[in-house]
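Dumped data39.pdb below, it's PDB, C-alpha atoms, pLDDT in the B column:
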```
ATOM      1  CA  MET O   1     -73.241  29.591 -64.925  1.00 54.00           C
ATOM      2  CA  VAL O   2     -72.734  27.054 -67.724  1.00 57.00           C
ATOM      3  CA  ASP O   3     -70.154  27.935 -70.347  1.00 63.00           C
ATOM      4  CA  LEU O   4     -70.811  27.273 -74.030  1.00 61.00           C
ATOM      5  CA  HIS O   5     -68.462  24.274 -74.175  1.00 65.00           C
ATOM      6  CA  THR O   6     -70.229  22.545 -71.281  1.00 64.00           C
ATOM      7  CA  GLU O   7     -73.624  23.443 -72.700  1.00 73.00           C
ATOM      8  CA  SER O   8     -72.581  21.962 -76.039  1.00 88.00           C
ATOM      9  CA  ASN O   9     -71.491  18.708 -74.360  1.00 91.00           C
ATOM     10  CA  PHE O  10     -74.737  18.650 -72.405  1.00 90.00           C
ATOM     11  CA  GLN O  11     -76.772  19.119 -75.577  1.00 92.00           C
ATOM     12  CA  LYS O  12     -74.804  16.317 -77.255  1.00 93.00           C
ATOM     13  CA  ALA O  13     -75.540  14.023 -74.318  1.00 94.00           C
ATOM     14  CA  ILE O  14     -79.263  14.829 -74.499  1.00 95.00           C
ATOM     15  CA  GLU O  15     -79.328  14.211 -78.228  1.00 94.00           C
ATOM     16  CA  ALA O  16     -77.473  10.906 -77.791  1.00 96.00           C
ATOM     17  CA  ALA O  17     -79.926   9.830 -75.082  1.00 97.00           C
ATOM     18  CA  GLU O  18     -82.849  10.670 -77.346  1.00 97.00           C
ATOM     19  CA  GLN O  19     -81.521   8.132 -79.856  1.00 97.00           C
ATOM     20  CA  LEU O  20     -81.921   5.349 -77.292  1.00 98.00           C
ATOM     21  CA  SER O  21     -85.031   3.265 -76.849  1.00 98.00           C
ATOM     22  CA  VAL O  22     -87.226   3.951 -73.838  1.00 98.00           C
ATOM     23  CA  ASP O  23     -85.852   0.872 -72.066  1.00 98.00           C
ATOM     24  CA  GLU O  24     -82.269   1.957 -72.753  1.00 98.00           C
ATOM     25  CA  ARG O  25     -83.049   5.429 -71.408  1.00 98.00           C
ATOM     26  CA  LEU O  26     -84.417   3.881 -68.227  1.00 98.00           C
ATOM     27  CA  VAL O  27     -81.224   1.842 -67.819  1.00 98.00           C
ATOM     28  CA  LEU O  28     -79.139   4.979 -68.479  1.00 98.00           C
ATOM     29  CA  LEU O  29     -81.147   6.873 -65.882  1.00 98.00           C
ATOM     30  CA  ASP O  30     -80.564   4.093 -63.342  1.00 98.00           C
ATOM     31  CA  VAL O  31     -76.819   4.042 -64.067  1.00 98.00           C
ATOM     32  CA  LEU O  32     -76.592   7.832 -63.740  1.00 98.00           C
ATOM     33  CA  ARG O  33     -78.476   7.803 -60.432  1.00 98.00           C
ATOM     34  CA  GLN O  34     -76.156   5.121 -59.058  1.00 98.00           C
ATOM     35  CA  ARG O  35     -73.046   7.013 -60.152  1.00 98.00           C
ATOM     36  CA  ILE O  36     -74.343  10.279 -58.732  1.00 98.00           C
ATOM     37  CA  GLY O  37     -75.050   8.498 -55.451  1.00 98.00           C
ATOM     38  CA  GLN O  38     -71.510   7.086 -55.404  1.00 98.00           C
ATOM     39  CA  THR O  39     -70.049  10.527 -56.108  1.00 98.00           C
ATOM     40  CA  LYS O  40     -72.116  12.157 -53.359  1.00 98.00           C
ATOM     41  CA  ARG O  41     -71.101   9.426 -50.889  1.00 98.00           C
ATOM     42  CA  GLN O  42     -67.435   9.978 -51.739  1.00 98.00           C
ATOM     43  CA  GLU O  43     -67.829  13.741 -51.297  1.00 98.00           C
ATOM     44  CA  LEU O  44     -69.408  13.138 -47.894  1.00 97.00           C
ATOM     45  CA  VAL O  45     -66.567  10.814 -46.868  1.00 97.00           C
ATOM     46  CA  SER O  46     -64.055  13.513 -47.844  1.00 97.00           C
ATOM     47  CA  GLU O  47     -65.952  16.199 -45.927  1.00 96.00           C
ATOM     48  CA  VAL O  48     -66.168  14.028 -42.816  1.00 95.00           C
ATOM     49  CA  ALA O  49     -62.427  13.319 -43.005  1.00 96.00           C
ATOM     50  CA  ALA O  50     -61.712  17.063 -43.278  1.00 95.00           C
ATOM     51  CA  VAL O  51     -63.948  17.861 -40.303  1.00 92.00           C
ATOM     52  CA  ARG O  52     -62.329  15.121 -38.221  1.00 94.00           C
ATOM     53  CA  GLU O  53     -58.902  16.552 -39.024  1.00 95.00           C
ATOM     54  CA  GLU O  54     -60.080  20.038 -38.008  1.00 93.00           C
ATOM     55  CA  TYR O  55     -61.383  18.553 -34.748  1.00 91.00           C
ATOM     56  CA  ARG O  56     -58.071  16.746 -34.091  1.00 94.00           C
ATOM     57  CA  ALA O  57     -56.195  19.985 -34.783  1.00 94.00           C
ATOM     58  CA  GLY O  58     -58.343  21.807 -32.226  1.00 90.00           C
ATOM     59  CA  ASN O  59     -59.968  24.105 -34.767  1.00 89.00           C
ATOM     60  CA  VAL O  60     -63.519  23.303 -33.662  1.00 84.00           C
ATOM     61  CA  ARG O  61     -65.431  25.344 -31.117  1.00 80.00           C
ATOM     62  CA  PHE O  62     -68.713  24.551 -29.481  1.00 82.00           C
ATOM     63  CA  GLY O  63     -71.448  26.936 -28.429  1.00 85.00           C
ATOM     64  CA  SER O  64     -75.043  27.947 -28.836  1.00 91.00           C
ATOM     65  CA  VAL O  65     -76.640  29.728 -31.759  1.00 91.00           C
ATOM     66  CA  SER O  66     -76.591  32.877 -29.628  1.00 90.00           C
ATOM     67  CA  ASP O  67     -72.814  32.513 -29.172  1.00 86.00           C
ATOM     68  CA  PHE O  68     -72.402  32.138 -32.916  1.00 86.00           C
ATOM     69  CA  MET O  69     -74.580  35.157 -33.659  1.00 89.00           C
ATOM     70  CA  SER O  70     -72.644  37.245 -31.108  1.00 88.00           C
ATOM     71  CA  GLU O  71     -69.377  36.339 -32.791  1.00 85.00           C
ATOM     72  CA  LEU O  72     -70.800  37.343 -36.150  1.00 87.00           C
ATOM     73  CA  ASP O  73     -71.834  40.715 -34.722  1.00 85.00           C
ATOM     74  CA  GLU O  74     -68.259  41.249 -33.514  1.00 83.00           C
ATOM     75  CA  LEU O  75     -66.861  40.898 -37.023  1.00 77.00           C
TER      76      LEU O  75
END
```

Starting from the coordinates I provided, produce the structure as structure tokens.
Amino acid sequence: MVDLHTESNFQKAIEAAEQLSVDERLVLLDVLRQRIGQTKRQELVSEVAAVREEYRAGNVRFGSVSDFMSELDEL
């Protein structure tokens, strides 16, 4: 859910982008895509580090889907 403050900032960003030329919008779009890609890569790096730490700590178990489903049924 988007709160009103965030929605307001989003609307301001859209309105600001609409003031740009088509070429400037294309550059903005490219910059945003690159930054989103960088953010997603960093999130993935963090997730991998967390999983590796869980593995080192011995908090990872291996098994089949059937094993997993059986454990869920036991809860």

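The coordinates place CA of Leu44 in chain O at 29.7 Å from CA of Ser8 in chain O.
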
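For the atom pair formed by CA of Ala16 in chain O and CA of Thr39 in chain O, the distance is 22.9 Å, given to one decimal.
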
CA of Glu7 in chain O to CA of Gln34 in chain O, distance in Å rounded to a single decimal: 23.0 Å

Taking all atoms of range 62-71 of chain O that the file lists, what box with edges along x, y and z, padded by 5 Å per side, do you get, with centre and edge lengths in Å to one decimal, as JSON?
```
{"center_x": -72.7, "center_y": 30.9, "center_z": -31.0, "size_x": 17.9, "size_y": 22.7, "size_z": 15.2}
```
